[in-house]
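Source file: query-v4.txt. Holds: compact mmCIF, C-alpha atoms and all ligand atoms.
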```txt
# COMPACT_ATOMS: atom_id res chain seq x y z
CA MET A 441 10.29 -25.91 8.34
CA LYS A 442 11.81 -25.61 4.89
CA ILE A 443 9.10 -24.96 2.31
CA VAL A 444 9.78 -25.71 -1.36
CA LEU A 445 7.20 -24.49 -3.87
CA ASN A 446 7.04 -26.46 -7.11
CA HIS A 447 5.13 -24.59 -9.80
CA LYS A 448 5.58 -27.41 -12.32
CA CYS A 449 4.48 -26.30 -15.85
CA ASN A 450 2.02 -23.63 -14.71
CA PHE A 451 1.36 -19.89 -15.32
CA THR A 452 1.59 -17.57 -18.29
CA LYS A 453 4.27 -14.90 -18.04
CA SER A 454 1.79 -12.27 -16.84
CA GLU A 455 0.27 -14.68 -14.32
CA PHE A 456 3.73 -15.39 -12.97
CA LEU A 457 4.54 -11.67 -12.62
CA LYS A 458 1.23 -11.08 -10.81
CA TYR A 459 1.92 -14.08 -8.56
CA GLN A 460 5.30 -12.62 -7.62
CA GLN A 461 3.70 -9.30 -6.70
CA GLU A 462 1.17 -11.05 -4.46
CA PHE A 463 3.81 -13.41 -3.10
CA SER A 464 5.80 -10.52 -1.70
CA LYS A 465 2.91 -9.99 0.77
CA ILE A 466 3.31 -13.50 2.23
CA LYS A 467 4.31 -13.35 5.89
CA THR A 468 6.26 -16.23 7.35
CA SER A 469 9.40 -17.08 9.26
CA HIS A 470 9.79 -20.40 7.41
CA PRO A 471 12.54 -20.41 4.77
CA LEU A 472 10.97 -20.50 1.29
CA VAL A 473 12.30 -21.84 -2.00
CA LEU A 474 10.37 -21.00 -5.18
CA CYS A 475 10.82 -23.29 -8.19
CA PRO A 476 9.09 -21.63 -11.16
CA SER A 477 8.92 -22.99 -14.72
CA THR A 478 12.31 -22.63 -16.40
CA PRO A 479 11.40 -19.62 -18.64
CA TYR A 480 10.59 -17.57 -15.56
CA LEU A 481 13.84 -18.18 -13.68
CA SER A 482 15.17 -14.94 -15.14
CA LEU A 483 12.08 -13.02 -13.95
CA PHE A 484 12.53 -14.09 -10.34
CA ASN A 485 12.59 -11.10 -8.06
CA LEU A 486 11.66 -11.95 -4.48
CA PRO A 487 13.70 -10.86 -1.49
CA ASN A 488 13.80 -13.34 1.41
CA THR A 489 13.02 -16.26 -0.90
CA SER A 490 15.49 -18.62 -2.57
CA LEU A 491 15.30 -19.59 -6.22
CA GLY A 492 15.04 -23.22 -7.29
CA SER A 493 14.78 -25.00 -10.62
CA GLN A 494 12.73 -28.08 -11.46
CA ASP A 495 15.48 -29.97 -13.30
CA VAL A 496 19.03 -29.79 -14.61
CA SER A 497 20.91 -31.42 -17.46
CA CYS A 498 23.19 -34.36 -16.77
CA TYR A 499 25.57 -32.78 -19.28
CA GLU A 500 28.00 -29.99 -18.52
CA THR A 501 27.93 -27.93 -21.71
CA GLY A 502 27.96 -28.27 -25.49
CA ALA A 503 25.77 -30.01 -28.08
CA HIS A 504 22.73 -30.95 -25.96
CA THR A 505 19.70 -29.20 -27.46
CA GLY A 506 17.10 -28.20 -24.92
CA ASP A 507 19.27 -28.94 -21.89
CA VAL A 508 20.09 -26.44 -19.16
CA ALA A 509 23.43 -27.04 -17.44
CA ALA A 510 24.07 -26.73 -13.71
CA SER A 511 26.59 -23.94 -14.35
CA GLN A 512 23.92 -22.00 -16.31
CA LEU A 513 21.45 -22.38 -13.44
CA LYS A 514 24.13 -21.16 -11.05
CA MET A 515 24.55 -18.02 -13.16
CA MET A 516 20.79 -17.40 -12.79
CA ASN A 517 21.26 -17.47 -8.97
CA VAL A 518 19.56 -20.84 -8.61
CA GLU A 519 20.32 -22.28 -5.16
CA TYR A 520 18.23 -25.48 -5.22
CA THR A 521 17.14 -27.97 -7.89
CA ILE A 522 14.41 -30.59 -7.69
CA ILE A 523 15.80 -33.88 -8.99
CA GLY A 524 14.14 -37.19 -9.82
CA HIS A 525 10.58 -35.95 -9.41
CA SER A 526 8.22 -38.82 -10.29
CA GLU A 527 6.74 -36.73 -13.12
CA ARG A 528 10.16 -36.53 -14.77
CA ARG A 529 10.81 -40.22 -14.17
CA ARG A 530 7.39 -40.90 -15.79
CA ASP A 531 7.41 -38.32 -18.64
CA HIS A 532 11.10 -38.45 -19.57
CA GLY A 533 12.11 -41.95 -18.54
CA GLU A 534 14.68 -40.61 -16.08
CA LYS A 535 16.59 -43.41 -14.43
CA ASP A 536 18.47 -43.51 -11.14
CA SER A 537 21.76 -43.38 -13.08
CA ASP A 538 20.67 -40.11 -14.81
CA ILE A 539 19.56 -38.68 -11.49
CA LYS A 540 22.91 -39.51 -9.92
CA GLU A 541 24.74 -37.66 -12.68
CA LYS A 542 22.49 -34.64 -12.22
CA ILE A 543 23.21 -34.59 -8.49
CA GLU A 544 26.94 -34.72 -9.19
CA LYS A 545 26.68 -31.78 -11.60
CA LEU A 546 24.70 -29.73 -9.10
CA LEU A 547 27.06 -30.43 -6.22
CA SER A 548 30.03 -29.47 -8.39
CA VAL A 549 28.64 -25.94 -8.81
CA GLY A 550 27.27 -25.58 -5.25
CA ILE A 551 23.53 -25.97 -5.97
CA THR A 552 21.61 -28.04 -3.40
CA PRO A 553 19.79 -31.00 -4.98
CA ILE A 554 16.31 -31.88 -3.66
CA LEU A 555 16.05 -35.59 -4.45
CA CYS A 556 12.49 -36.96 -4.71
CA VAL A 557 11.83 -40.59 -3.81
CA GLY A 558 8.55 -42.45 -3.46
CA GLU A 559 6.59 -45.59 -4.17
CA THR A 560 3.59 -46.32 -6.39
CA LYS A 561 0.30 -47.50 -4.89
CA GLU A 562 0.98 -51.05 -6.10
CA GLU A 563 4.43 -51.08 -4.52
CA ARG A 564 2.92 -49.93 -1.21
CA GLU A 565 0.19 -52.56 -1.38
CA CYS A 566 2.79 -55.28 -2.02
CA GLY A 567 4.77 -54.15 1.05
CA LYS A 568 7.71 -52.98 -1.11
CA THR A 569 7.79 -49.31 -0.06
CA LEU A 570 11.00 -49.39 1.98
CA GLU A 571 12.76 -51.53 -0.60
CA VAL A 572 11.85 -49.10 -3.42
CA ILE A 573 13.00 -46.09 -1.41
CA ALA A 574 16.27 -47.80 -0.43
CA LYS A 575 17.01 -48.50 -4.09
CA GLU A 576 16.29 -44.90 -5.10
CA LEU A 577 18.52 -43.67 -2.27
CA SER A 578 21.39 -46.00 -3.12
CA ILE A 579 22.61 -43.48 -5.75
CA LEU A 580 23.72 -41.29 -2.84
CA ASN A 581 26.09 -43.94 -1.47
CA ASP A 582 29.31 -42.45 -2.78
CA LEU A 583 28.12 -38.83 -2.80
CA ASP A 584 28.11 -36.07 -0.20
CA LYS A 585 24.69 -37.11 1.19
CA GLU A 586 24.43 -34.39 3.78
CA LYS A 587 24.42 -31.79 0.99
CA VAL A 588 21.29 -33.37 -0.56
CA ILE A 589 17.77 -32.61 0.64
CA ILE A 590 15.53 -35.68 0.40
CA ALA A 591 11.81 -35.35 -0.32
CA TYR A 592 9.59 -38.37 0.34
CA GLU A 593 6.80 -38.08 -2.20
CA PRO A 594 4.55 -41.15 -2.49
CA ILE A 595 3.63 -41.14 -6.19
CA TRP A 596 0.00 -41.98 -5.39
CA ALA A 597 -0.29 -38.92 -3.15
CA ILE A 598 0.95 -36.35 -5.69
CA GLY A 599 -1.91 -34.16 -6.86
CA THR A 600 -4.55 -36.69 -5.75
CA GLY A 601 -5.69 -35.34 -2.38
CA GLU A 602 -4.72 -38.69 -0.84
CA VAL A 603 -2.11 -38.54 1.92
CA PRO A 604 -0.44 -41.39 3.85
CA THR A 605 -1.00 -41.59 7.58
CA VAL A 606 1.62 -39.92 9.74
CA ALA A 607 2.72 -43.39 10.90
CA GLU A 608 3.28 -44.42 7.26
CA ILE A 609 5.22 -41.24 6.52
CA ASP A 610 7.34 -41.62 9.64
CA GLU A 611 8.15 -45.26 8.88
CA VAL A 612 9.61 -44.16 5.54
CA LEU A 613 11.37 -41.06 6.88
CA GLU A 614 12.88 -43.07 9.74
CA SER A 615 14.36 -45.49 7.22
CA ILE A 616 15.66 -42.57 5.11
CA ARG A 617 17.14 -40.97 8.24
CA SER A 618 19.04 -44.20 9.03
CA LYS A 619 20.72 -43.97 5.61
CA ALA A 620 21.15 -40.19 5.36
CA LYS A 621 21.95 -38.97 8.84
CA GLU A 622 22.42 -35.28 8.06
CA SER A 623 20.09 -34.61 5.13
CA ILE A 624 17.04 -32.37 5.55
CA LEU A 625 13.91 -34.51 5.08
CA LEU A 626 10.81 -33.15 3.35
CA TYR A 627 7.37 -34.58 2.76
CA GLY A 628 5.47 -33.92 -0.49
CA GLY A 629 2.20 -35.18 -1.95
CA SER A 630 -1.12 -33.32 -1.48
CA ALA A 631 0.13 -31.50 1.63
CA ASN A 632 -2.25 -28.58 2.15
CA ASP A 633 -3.93 -26.22 4.60
CA GLU A 634 -6.46 -28.91 5.55
CA ASN A 635 -4.07 -31.72 6.46
CA ILE A 636 -1.14 -29.73 7.86
CA GLU A 637 -2.39 -30.05 11.45
CA GLU A 638 -2.21 -33.84 11.07
CA LEU A 639 1.14 -33.81 9.21
CA LYS A 640 2.60 -31.69 12.02
CA LYS A 641 2.43 -34.75 14.28
CA SER A 642 5.29 -36.32 12.32
CA LYS A 643 8.55 -36.79 14.24
CA TYR A 644 10.68 -36.60 11.09
CA ILE A 645 9.22 -34.05 8.66
CA GLU A 646 11.55 -31.02 8.46
CA GLY A 647 9.79 -29.29 5.59
CA TYR A 648 7.42 -29.69 2.67
CA LEU A 649 7.54 -29.87 -1.11
CA LEU A 650 4.29 -28.25 -2.24
CA GLY A 651 2.74 -28.46 -5.72
CA GLY A 652 -0.94 -27.55 -6.00
CA ILE A 653 -1.14 -25.29 -2.96
CA SER A 654 1.94 -23.34 -4.07
CA LEU A 655 -0.22 -21.81 -6.83
CA LYS A 656 -2.92 -20.57 -4.42
CA LEU A 657 -1.45 -17.87 -2.24
CA GLU A 658 -4.32 -17.50 0.23
CA LYS A 659 -4.24 -21.19 1.04
CA LEU A 660 -0.44 -21.13 1.10
CA GLN A 661 -0.51 -18.35 3.72
CA VAL A 662 -2.84 -20.45 5.90
CA PHE A 663 -0.56 -23.46 5.46
CA LEU A 664 2.51 -21.42 6.47
CA ASP A 665 0.70 -19.98 9.49
CA LEU A 666 -0.21 -23.47 10.68
CA CYS A 667 3.07 -25.28 10.05
P1 LIG B 701 1.12 -31.70 -4.88
O1 LIG B 701 2.52 -31.87 -5.63
O2 LIG B 701 1.36 -30.89 -3.64
O3 LIG B 701 0.23 -31.04 -5.88
O4 LIG B 701 0.65 -33.11 -4.55
C1 LIG B 701 3.70 -32.09 -4.91
C2 LIG B 701 4.83 -32.34 -5.88
O5 LIG B 701 4.63 -32.96 -6.91
O6 LIG B 701 5.97 -31.90 -5.64
```

Please render this file's structure as structure tokens.
Ligand code: PGA
Amino acid sequence: MKIVLNHKCNFTKSEFLKYQQEFSKIKTSHPLVLCPSTPYLSLFNLPNTSLGSQDVSCYETGAHTGDVAASQLKMMNVEYTIIGHSERRRDHGEKDSDIKEKIEKLLSVGITPILCVGETKEERECGKTLEVIAKELSILNDLDKEKVIIAYEPIWAIGTGEVPTVAEIDEVLESIRSKAKESILLYGGSANDENIEELKKSKYIEGYLLGGISLKLEKLQVFLDLC
């Protein structure tokens, strides 16, 4: 199972350094990707773990204040980048066209994009889940899909403690699989040490994108032991 840890906008510098020290005691055979807040990318120092970022600019270089280009991430040894997370779509108005450009920039420098897709509660209740996901995935049509990791993250499950049933997750992942035959498929949204036994019944989940539990190393170790 591929395990991607999304720290979001958490930790002071000293908390992050302490976390890294503790993290080096984690024992697992699952491949890990740590995505810290951008200021801490340069402090990353963990053997046997890959470095990821939580975003990238859709611009290459030049007059774009506040942006971080794919080539700059590459120079920081970033191997993966989370793209199109619902919090960025919500907080920064990111559109599918922006997300497509970001994926192109990442692929051009050899960073693996982790594309997040997912429906709102209302969309699920109206039976529109598969339609919403298909639209979000359509940006991959003329790209090298197999180089993109796809994370199904129902928006209503992120940080809420609510998780879809395994049948609901598998219905979505099956439809993603039919469109992206080679991509690694992740599940994200309140996955934790208490529901991992249930999530393990999925036929399609190949890894997890973890938010809340990524900050709590004892629970993370239990999760890794069980998955
Ligand atoms: P969560 O976050 O595990 O806290 O629900 C997952 C994510 O947003 O990537």

Practice prompt. May I have the residues within 9 Å of region 522-538 of chain A as an MDAnalysis selection string, using only C-alpha atoms and disregarding those fewer than 3 positions away in the same chain?
Written response: chainID A and resid 446 475 492:496 498 541:543 552:558 575:579 593:595 598

For the interface of chain A with ligand LIG 701 (chain B) (cut-off 7 Å, counting all atoms listed in the file), please tabulate each contacting residue of chain A alongside its nearest pair of atoms and their separation in Å to one decimal, rows sorted by chain and increasing number, as CSV.
```
residue,atom,partner,partner_atom,distance
A:Asn446,CA,B:LIG701,O6,5.7
A:Ala597,CA,B:LIG701,O4,6.0
A:Ile598,CA,B:LIG701,O4,3.4
A:Gly599,CA,B:LIG701,O4,3.6
A:Thr600,CA,B:LIG701,O4,6.4
A:Gly628,CA,B:LIG701,C1,5.1
A:Gly629,CA,B:LIG701,O4,3.7
A:Ser630,CA,B:LIG701,O4,3.5
A:Ala631,CA,B:LIG701,O2,5.4
A:Leu649,CA,B:LIG701,O6,5.2
A:Leu650,CA,B:LIG701,O2,4.2
A:Gly651,CA,B:LIG701,O1,3.4
A:Gly652,CA,B:LIG701,O3,3.7
A:Ile653,CA,B:LIG701,O2,6.2
```

Could you write out the selected residues, including C-alpha atoms, as a PDB file, keeping the file's coordinate frame?
```
ATOM      1  CA  ASN A 446       7.040 -26.460  -7.110  1.00  0.00           C
ATOM      2  CA  ALA A 597      -0.290 -38.920  -3.150  1.00  0.00           C
ATOM      3  CA  ILE A 598       0.950 -36.350  -5.690  1.00  0.00           C
ATOM      4  CA  GLY A 599      -1.910 -34.160  -6.860  1.00  0.00           C
ATOM      5  CA  THR A 600      -4.550 -36.690  -5.750  1.00  0.00           C
ATOM      6  CA  GLY A 628       5.470 -33.920  -0.490  1.00  0.00           C
ATOM      7  CA  GLY A 629       2.200 -35.180  -1.950  1.00  0.00           C
ATOM      8  CA  SER A 630      -1.120 -33.320  -1.480  1.00  0.00           C
ATOM      9  CA  ALA A 631       0.130 -31.500   1.630  1.00  0.00           C
ATOM     10  CA  LEU A 649       7.540 -29.870  -1.110  1.00  0.00           C
ATOM     11  CA  LEU A 650       4.290 -28.250  -2.240  1.00  0.00           C
ATOM     12  CA  GLY A 651       2.740 -28.460  -5.720  1.00  0.00           C
ATOM     13  CA  GLY A 652      -0.940 -27.550  -6.000  1.00  0.00           C
ATOM     14  CA  ILE A 653      -1.140 -25.290  -2.960  1.00  0.00           C
TER      15      ILE A 653
END
```

Restrict the calculation to all atoms listed in the file, then for each residue of region 552-585 of chain A with any atom at most 9 Å from an atom of region 606-616 of chain A give the closest atom pair and their distance in Å to one decimal, rows by chain and rising residue number, as a Markdown table.
```
| residue | atom | partner | partner_atom | distance |
| --- | --- | --- | --- | --- |
| A:Thr569 | CA | A:Val612 | CA | 7.8 |
| A:Leu570 | CA | A:Val612 | CA | 6.5 |
| A:Ile573 | CA | A:Ile616 | CA | 7.9 |
| A:Ala574 | CA | A:Ile616 | CA | 7.6 |
| A:Leu577 | CA | A:Ile616 | CA | 8.0 |
```

Is it possible to get the axis-aligned box enclosing region 537-556 of chain A (all listed atoms, 6 Å extra per side) as lines of an AutoDock Vina configuration file, with centre and edge lengths in Å rounded to one decimal?
```
center_x = 21.3
center_y = -34.5
center_z = -9.1
size_x = 29.5
size_y = 29.8
size_z = 23.4
```

Worksheet item: For Thr468 (chain A), which residue among A:Ser482, A:Asn488, A:Ser642, A:Ser623 is the nearest when counting all atoms listed in the file?
Response: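 Closest candidate: A:Asn488.
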
Response to the item:
Residue with the minimum atom-to-atom distance to Met441 (chain A), picked from A:Ile466, A:Val549, A:Leu472, A:Ala591 with all atoms listed in the file counted, is A:Leu472

Worksheet item: Which is closer to Ser464 (chain A) than all the others in A:Cys449, A:Leu657, A:Leu546, A:Ile624, using all atoms listed in the file?
Response: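 For Ser464 (chain A), the nearest of the given residues is A:Leu657.
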
Worksheet item: Quick one: distance from CA of Ser654 (chain A) to CA of Leu474 (chain A) in Å, one decimal?
Response: 8.8 Å

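CA of Lys442 (chain A) lies 17.7 Å from CA of Lys585 (chain A).
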
Worksheet item: Any idea what the distance is between CA of Asn485 (chain A) and CA of Gln460 (chain A)?
Response: 7.5 Å

Worksheet entry | Contacts of Val473 (chain A) within 8 Å, all atoms listed in the file, excl. fewer than 3 positions in-chain, as number ranges by chain | A: 442-445, 489-492, 520

Deliver the residues from the most recent selection as a file, using C-alpha atoms, as a short mmCIF file (atom, residue, chain, number, x, y, z; two decimals), in the coordinates of the input.
```cif
data_model
loop_
_atom_site.label_atom_id
_atom_site.label_comp_id
_atom_site.auth_asym_id
_atom_site.auth_seq_id
_atom_site.Cartn_x
_atom_site.Cartn_y
_atom_site.Cartn_z
CA LYS A 442 11.81 -25.61 4.89
CA ILE A 443 9.10 -24.96 2.31
CA VAL A 444 9.78 -25.71 -1.36
CA LEU A 445 7.20 -24.49 -3.87
CA THR A 489 13.02 -16.26 -0.90
CA SER A 490 15.49 -18.62 -2.57
CA LEU A 491 15.30 -19.59 -6.22
CA GLY A 492 15.04 -23.22 -7.29
CA TYR A 520 18.23 -25.48 -5.22
#
```

Discussion item. Given all atoms listed in the file as the basis, pick out the residue of A:Thr501, A:Asn632, A:Thr521, A:Thr605 nearest to Ile589 (chain A).
Written reply: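 Distance minimum relative to Ile589 (chain A) lands on A:Thr521.
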
Item to complete: Considering all atoms listed in the file, state which residue in the set A:Cys667, A:Ile551, A:Val572, A:Ile590 is at the smallest distance from Ala510 (chain A).
Response: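 Selected residue with least distance to Ala510 (chain A): A:Ile551.
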
Worksheet entry | Residue nearest Pro604 (chain A) - candidates A:Glu544, A:Glu638, A:Glu519, A:Glu455, atoms counted: all atoms listed in the file |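 Smallest distance to Pro604 (chain A) is found for A:Glu638.
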
Fill in: Non-local contacts of Lys467 (chain A) (10 Å; all atoms listed in the file; under 2 positions in same chain excluded) as JSON, numbers by chain
{"A": [463, 464, 465, 469, 470, 661, 664, 665]}
